[in-house]
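Q: Dumping the structure here so I can ask a few things about it.
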Amino acid sequence: MALVNVTEESIEMDQELAKKLFVEGACLIILGVPLGTEIGIDLKSWETAERFRGIKMIPPGLHFVYYSGTNKYGEVAPRSGFIHSFKRAEILVKKWDSEKEEISNEEVPVETVEKIREDIKNLDKNLGVYPYDIYGKWVKLVDHISEKLVERLVPESGCIRSALEYTCAPATNQPTARKRRSRPSTAEEKEEDLLPQLTPSPGTQLRLTEYPEHNYPEGSTPQDITRHSLDSTYTLDTLIAKYDRPNDLLGEIQFCFVCFLVGHCLEALDQWKQLVRLMCSCESAVFKRTQIYSHFLDVLEEQLHQIPEDFLVDIVASVNLIYISLRNLFRTMQTNSEVDGRLRSKAERFQQRLTQKFEWDFEDLDQEEEDEAPVVVNL
């Protein structure tokens, strides 16, 4: 899965900008990285050379650092990484754990950090330059993510992994599905019951915002339940209430996207798709939360610039769920007279650009796709 460019080319930049970044930019020092390890930051990565010690001139702000270790047999480990908000002129020092073949979570002693700070000019020639040519794109991908939101969403371990670690639950804690069935088990179900129940190791999962148990308020009538099933505004409002600020929902959409784009985390991709579909399946919220939806269109357009169309298709259903979801959203904006006119115009321009890029058809929005149409049940 190669979504991020791997390159060793040098980055040319204006001399004045270079001087400013040399003074204000942060440094990431990684001690003991083996030769040939893939190390990346944001949208670019490199294979480490013999004298590699880290990355310099990192613009202050939020950045995703990731790596793939290689063992003595030349086997490359799944990608792992962490998100860090670099401060002006900060020197962040990390150590490579040769046993686990990853960056250690242990804090480097203050004395070591100070020694490196005093010797930073001599280390300069062994530090790679932050790829400033991708910085503008990166900022647009993370501009709604706050430090506080990152602290809430990252795993307790602080490490974001493309491949989760699993542990086997004790036999006494594995209630078989057979006990819960009111009918005889099939051969396949019996085989499945014999398999161990694996759960993610504690502290390794992303702590993503959970959806409400029901998509309607408690005590709703059947008519209310139907209404909330057609318009997911209640679910959206319930989710937004869990954040410190409404824009944190956009922040989680961006967080999940970059965790997949550069961290190769499929768990994050699933949440990203769910949140996008939720945003597109609301009717009342589109005109009640105009500002959020205006930002949402900007966020989604930037993201769709960075991802191949193949990743938007549901493998099981063989349909592009993002395209179908956007048809729903654009239909709402086109047919609902309460939607802000500027938002509607913005959505129309977004449609045109998507048609040019992906050749997606947004004509006849008033007609439902076959898999969107309601099912008629004869009573």
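Identifiers for the structure tokens are assigned positionally: chains receive A, B, ... in sequence, residues are indexed from 1 per chain, and ligands are indexed from 1 in the order shown.
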Show which residues sit within 8 Å of Gly40 (chain A), as a PyMOL selection string. Count only C-alpha atoms, and ignore same-chain residues fewer than 6 positions away.
A: chain A and resi 46+65-67
Q: Pick out the residues sitting within 8 Å of region 75-81 of chain A, and hand them over as a PyMOL selection string; count only C-alpha atoms, and ignore anything fewer than 3 positions along from it in its own chain.
A: chain A and resi 64-72+102+159-163+263-264
Q: Kindly assemble as JSON lines a list of the region 234-264 of chain A residues that lie within 10 Å of region 199-212 of chain A, each paired with its nearest atom pair and their distance in Å to one decimal, using only C-alpha atoms, sorted first by chain and then by ascending residue number.
A:
```
{"residue": "A:Tyr234", "atom": "CA", "partner": "A:Pro212", "partner_atom": "CA", "distance": 9.7}
{"residue": "A:Thr235", "atom": "CA", "partner": "A:Pro212", "partner_atom": "CA", "distance": 6.8}
{"residue": "A:Leu236", "atom": "CA", "partner": "A:Tyr211", "partner_atom": "CA", "distance": 8.9}
{"residue": "A:Thr238", "atom": "CA", "partner": "A:Pro212", "partner_atom": "CA", "distance": 7.1}
{"residue": "A:Leu239", "atom": "CA", "partner": "A:Tyr211", "partner_atom": "CA", "distance": 6.6}
{"residue": "A:Ile240", "atom": "CA", "partner": "A:Thr209", "partner_atom": "CA", "distance": 9.7}
{"residue": "A:Lys242", "atom": "CA", "partner": "A:Thr209", "partner_atom": "CA", "distance": 7.9}
{"residue": "A:Tyr243", "atom": "CA", "partner": "A:Thr209", "partner_atom": "CA", "distance": 8.9}
{"residue": "A:Leu249", "atom": "CA", "partner": "A:Thr209", "partner_atom": "CA", "distance": 9.2}
{"residue": "A:Glu252", "atom": "CA", "partner": "A:Leu208", "partner_atom": "CA", "distance": 8.0}
{"residue": "A:Phe255", "atom": "CA", "partner": "A:Leu208", "partner_atom": "CA", "distance": 9.8}
{"residue": "A:Cys256", "atom": "CA", "partner": "A:Leu208", "partner_atom": "CA", "distance": 8.7}
{"residue": "A:Cys259", "atom": "CA", "partner": "A:Leu206", "partner_atom": "CA", "distance": 9.8}
```
Q: So which residues touch Ser325 (chain A) within 9 Å, counting only C-alpha atoms, skipping near sequence neighbours fewer than 5 positions away, as a PDB file with N, CA, C and O atoms, in the first residue's frame?
A:
```
ATOM      1  N   VAL A 276     -18.078  10.431   7.091  1.00  0.00           N
ATOM      2  CA  VAL A 276     -18.445  11.112   5.838  1.00  0.00           C
ATOM      3  C   VAL A 276     -19.879  10.754   5.454  1.00  0.00           C
ATOM      4  O   VAL A 276     -20.678  11.620   5.079  1.00  0.00           O
ATOM      5  N   ARG A 277     -20.215   9.487   5.560  1.00  0.00           N
ATOM      6  CA  ARG A 277     -21.581   9.055   5.223  1.00  0.00           C
ATOM      7  C   ARG A 277     -22.593   9.694   6.150  1.00  0.00           C
ATOM      8  O   ARG A 277     -23.694  10.076   5.724  1.00  0.00           O
ATOM      9  N   LEU A 278     -22.251   9.821   7.437  1.00  0.00           N
ATOM     10  CA  LEU A 278     -23.152  10.463   8.388  1.00  0.00           C
ATOM     11  C   LEU A 278     -23.390  11.915   7.996  1.00  0.00           C
ATOM     12  O   LEU A 278     -24.540  12.380   7.954  1.00  0.00           O
ATOM     13  N   MET A 279     -22.323  12.653   7.699  1.00  0.00           N
ATOM     14  CA  MET A 279     -22.460  14.053   7.321  1.00  0.00           C
ATOM     15  C   MET A 279     -23.341  14.213   6.082  1.00  0.00           C
ATOM     16  O   MET A 279     -24.070  15.204   5.944  1.00  0.00           O
ATOM     17  N   CYS A 280     -23.278  13.227   5.192  1.00  0.00           N
ATOM     18  CA  CYS A 280     -24.022  13.319   3.936  1.00  0.00           C
ATOM     19  C   CYS A 280     -25.467  12.828   4.057  1.00  0.00           C
ATOM     20  O   CYS A 280     -26.248  12.986   3.110  1.00  0.00           O
ATOM     21  N   SER A 281     -25.825  12.226   5.195  1.00  0.00           N
ATOM     22  CA  SER A 281     -27.166  11.648   5.326  1.00  0.00           C
ATOM     23  C   SER A 281     -28.073  12.480   6.225  1.00  0.00           C
ATOM     24  O   SER A 281     -29.120  12.019   6.657  1.00  0.00           O
ATOM     25  N   ASN A 320     -19.125   2.510  -4.724  1.00  0.00           N
ATOM     26  CA  ASN A 320     -18.387   3.643  -4.184  1.00  0.00           C
ATOM     27  C   ASN A 320     -19.290   4.373  -3.194  1.00  0.00           C
ATOM     28  O   ASN A 320     -20.154   5.168  -3.571  1.00  0.00           O
ATOM     29  N   PHE A 330     -25.701  16.323  -2.042  1.00  0.00           N
ATOM     30  CA  PHE A 330     -25.967  17.306  -3.085  1.00  0.00           C
ATOM     31  C   PHE A 330     -27.458  17.379  -3.417  1.00  0.00           C
ATOM     32  O   PHE A 330     -27.967  18.443  -3.755  1.00  0.00           O
TER      33      PHE A 330
END
```
Q: Pick out the closest residue to Ile83 (chain A) from this set: A:Arg353, A:Lys95, A:Lys115, A:Lys148. Count only C-alpha atoms.
A: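 Between A:Arg353, A:Lys95, A:Lys115, A:Lys148, the residue approaching Ile83 (chain A) most closely is A:Lys148.
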Q: Can you list, as a ChimeraX atom specification, all residues belonging to region 92-321 of chain A that DSSP tags as alpha helix (DSSP H)?
A: /A:110-118,120-123,135-142,147-153,177-180,187-194,222-230,233-240,248-261,266-280,284-288,290-306,321
Q: With only C-alpha atoms as the counted atoms, please give the residues lying no more than 10 Å from Leu304 (chain A), apart from itself and same-chain residues fewer than 3 positions off, as an mmCIF file with all heavy atoms, in the first residue's frame.
A:
```
data_model
loop_
_atom_site.group_PDB
_atom_site.id
_atom_site.type_symbol
_atom_site.label_atom_id
_atom_site.label_comp_id
_atom_site.auth_asym_id
_atom_site.auth_seq_id
_atom_site.Cartn_x
_atom_site.Cartn_y
_atom_site.Cartn_z
ATOM 1 N N VAL A 299 -12.758 20.289 3.452
ATOM 2 C CA VAL A 299 -11.995 19.157 3.995
ATOM 3 C C VAL A 299 -12.048 17.969 3.048
ATOM 4 O O VAL A 299 -11.019 17.373 2.701
ATOM 5 C CB VAL A 299 -12.548 18.754 5.388
ATOM 6 C CG1 VAL A 299 -12.017 17.383 5.818
ATOM 7 C CG2 VAL A 299 -12.187 19.801 6.434
ATOM 8 N N LEU A 300 -13.249 17.639 2.592
ATOM 9 C CA LEU A 300 -13.420 16.461 1.749
ATOM 10 C C LEU A 300 -12.761 16.645 0.384
ATOM 11 O O LEU A 300 -12.152 15.710 -0.155
ATOM 12 C CB LEU A 300 -14.916 16.166 1.575
ATOM 13 C CG LEU A 300 -15.267 14.775 1.033
ATOM 14 C CD1 LEU A 300 -14.662 13.679 1.904
ATOM 15 C CD2 LEU A 300 -16.772 14.599 0.939
ATOM 16 N N GLU A 301 -12.839 17.850 -0.158
ATOM 17 C CA GLU A 301 -12.215 18.080 -1.464
ATOM 18 C C GLU A 301 -10.706 17.901 -1.384
ATOM 19 O O GLU A 301 -10.097 17.278 -2.263
ATOM 20 C CB GLU A 301 -12.547 19.484 -1.990
ATOM 21 C CG GLU A 301 -11.916 19.749 -3.341
ATOM 22 C CD GLU A 301 -12.505 20.949 -4.068
ATOM 23 O OE1 GLU A 301 -13.270 21.716 -3.445
ATOM 24 O OE2 GLU A 301 -12.202 21.115 -5.269
ATOM 25 N N ILE A 307 -6.232 10.727 -2.430
ATOM 26 C CA ILE A 307 -6.504 9.299 -2.302
ATOM 27 C C ILE A 307 -6.978 8.722 -3.635
ATOM 28 O O ILE A 307 -7.799 9.327 -4.332
ATOM 29 C CB ILE A 307 -7.562 9.051 -1.191
ATOM 30 C CG1 ILE A 307 -7.708 7.565 -0.864
ATOM 31 C CG2 ILE A 307 -8.902 9.657 -1.556
ATOM 32 C CD1 ILE A 307 -8.537 7.311 0.375
ATOM 33 N N PRO A 308 -6.475 7.549 -4.035
ATOM 34 C CA PRO A 308 -6.954 6.918 -5.269
ATOM 35 C C PRO A 308 -8.415 6.493 -5.125
ATOM 36 O O PRO A 308 -8.870 6.130 -4.038
ATOM 37 C CB PRO A 308 -6.048 5.681 -5.411
ATOM 38 C CG PRO A 308 -4.867 5.962 -4.549
ATOM 39 C CD PRO A 308 -5.362 6.817 -3.429
ATOM 40 N N GLU A 309 -9.145 6.536 -6.226
ATOM 41 C CA GLU A 309 -10.574 6.214 -6.191
ATOM 42 C C GLU A 309 -10.823 4.786 -5.708
ATOM 43 O O GLU A 309 -11.848 4.504 -5.083
ATOM 44 C CB GLU A 309 -11.196 6.403 -7.586
ATOM 45 C CG GLU A 309 -12.709 6.257 -7.599
ATOM 46 C CD GLU A 309 -13.301 6.519 -8.979
ATOM 47 O OE1 GLU A 309 -12.529 6.720 -9.934
ATOM 48 O OE2 GLU A 309 -14.540 6.513 -9.092
ATOM 49 N N LEU A 312 -12.045 4.162 -2.222
ATOM 50 C CA LEU A 312 -13.375 4.640 -1.851
ATOM 51 C C LEU A 312 -14.446 3.593 -2.080
ATOM 52 O O LEU A 312 -15.598 3.770 -1.691
ATOM 53 C CB LEU A 312 -13.720 5.900 -2.650
ATOM 54 C CG LEU A 312 -12.703 7.051 -2.582
ATOM 55 C CD1 LEU A 312 -13.137 8.179 -3.493
ATOM 56 C CD2 LEU A 312 -12.529 7.545 -1.154
ATOM 57 N N ILE A 322 -18.648 6.679 -1.018
ATOM 58 C CA ILE A 322 -18.456 8.128 -0.906
ATOM 59 C C ILE A 322 -19.236 8.840 -2.014
ATOM 60 O O ILE A 322 -19.889 9.859 -1.781
ATOM 61 C CB ILE A 322 -16.959 8.489 -0.973
ATOM 62 C CG1 ILE A 322 -16.199 7.782 0.151
ATOM 63 C CG2 ILE A 322 -16.780 9.997 -0.880
ATOM 64 C CD1 ILE A 322 -16.685 8.107 1.542
ATOM 65 N N LEU A 354 -15.391 17.332 -9.043
ATOM 66 C CA LEU A 354 -15.393 15.876 -8.866
ATOM 67 C C LEU A 354 -15.685 15.170 -10.185
ATOM 68 O O LEU A 354 -15.113 14.108 -10.473
ATOM 69 C CB LEU A 354 -16.434 15.470 -7.811
ATOM 70 C CG LEU A 354 -16.087 15.802 -6.360
ATOM 71 C CD1 LEU A 354 -17.270 15.489 -5.440
ATOM 72 C CD2 LEU A 354 -14.855 15.031 -5.898
ATOM 73 N N LYS A 357 -12.490 15.257 -12.195
ATOM 74 C CA LYS A 357 -11.418 14.404 -11.662
ATOM 75 C C LYS A 357 -11.744 12.920 -11.777
ATOM 76 O O LYS A 357 -10.952 12.115 -12.257
ATOM 77 C CB LYS A 357 -11.147 14.760 -10.193
ATOM 78 C CG LYS A 357 -10.051 13.912 -9.550
ATOM 79 C CD LYS A 357 -9.770 14.370 -8.139
ATOM 80 C CE LYS A 357 -8.763 13.467 -7.438
ATOM 81 N NZ LYS A 357 -7.464 13.370 -8.106
ATOM 82 N N PHE A 358 -12.962 12.527 -11.318
ATOM 83 C CA PHE A 358 -13.317 11.106 -11.242
ATOM 84 C C PHE A 358 -14.336 10.671 -12.294
ATOM 85 O O PHE A 358 -14.669 9.483 -12.376
ATOM 86 C CB PHE A 358 -13.903 10.778 -9.854
ATOM 87 C CG PHE A 358 -12.941 10.947 -8.715
ATOM 88 C CD1 PHE A 358 -13.198 11.852 -7.691
ATOM 89 C CD2 PHE A 358 -11.777 10.203 -8.652
ATOM 90 C CE1 PHE A 358 -12.330 11.999 -6.631
ATOM 91 C CE2 PHE A 358 -10.887 10.343 -7.593
ATOM 92 C CZ PHE A 358 -11.170 11.252 -6.576
#
```
Q: Could you pull out the residues in region 61-236 of chain A that DSSP calls strand (DSSP E or B) from the backbone, as JSON, numbers by chain?
A: {"A": [61, 62, 63, 64, 65, 66, 67, 68, 70, 76, 80, 81, 82, 83, 84, 85, 86, 91, 92, 93, 94, 95, 96, 97, 102, 103, 127, 128, 129, 160, 161, 166, 167, 168, 198, 199, 200]}
Q: Take the residues just selected and output them with C-alpha atoms as a tab-separated table (two decimals), in the first residue's frame.
A:
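Okay, this is what ended up in part.tsv:
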```tsv
chain	number	residue	atom	x	y	z
A	61	GLY	CA	2.58	22.59	14.27
A	62	LEU	CA	1.06	19.15	14.01
A	63	HIS	CA	3.05	16.46	12.16
A	64	PHE	CA	2.79	12.70	11.64
A	65	VAL	CA	6.10	10.82	12.00
A	66	TYR	CA	6.10	7.20	10.81
A	67	TYR	CA	8.52	4.37	10.17
A	68	SER	CA	8.87	0.74	9.09
A	70	THR	CA	13.57	-4.00	8.94
A	76	VAL	CA	9.90	-4.99	6.60
A	80	SER	CA	3.86	2.54	12.82
A	81	GLY	CA	4.01	6.16	13.86
A	82	PHE	CA	3.01	8.98	16.18
A	83	ILE	CA	1.51	12.46	15.92
A	84	HIS	CA	3.36	15.30	17.61
A	85	SER	CA	2.73	19.03	17.78
A	86	PHE	CA	6.18	20.57	17.32
A	91	ILE	CA	14.31	19.49	19.76
A	92	LEU	CA	12.45	16.20	20.15
A	93	VAL	CA	14.75	13.25	20.88
A	94	LYS	CA	13.64	9.63	20.44
A	95	LYS	CA	15.51	6.33	20.74
A	96	TRP	CA	15.30	3.29	18.48
A	97	ASP	CA	14.41	0.03	20.27
A	102	GLU	CA	10.55	0.45	16.53
A	103	ILE	CA	10.88	3.90	18.10
A	127	LEU	CA	19.80	15.72	9.54
A	128	GLY	CA	17.41	15.50	6.60
A	129	VAL	CA	15.54	18.68	5.63
A	160	ILE	CA	-0.54	4.45	15.77
A	161	ARG	CA	-0.09	1.06	14.09
A	166	TYR	CA	-3.99	-8.95	19.34
A	167	THR	CA	-4.17	-11.10	22.46
A	168	CYS	CA	-6.22	-14.26	22.99
A	198	LEU	CA	-8.77	-12.33	19.70
A	199	THR	CA	-8.99	-8.83	21.11
A	200	PRO	CA	-6.68	-5.86	20.48
```
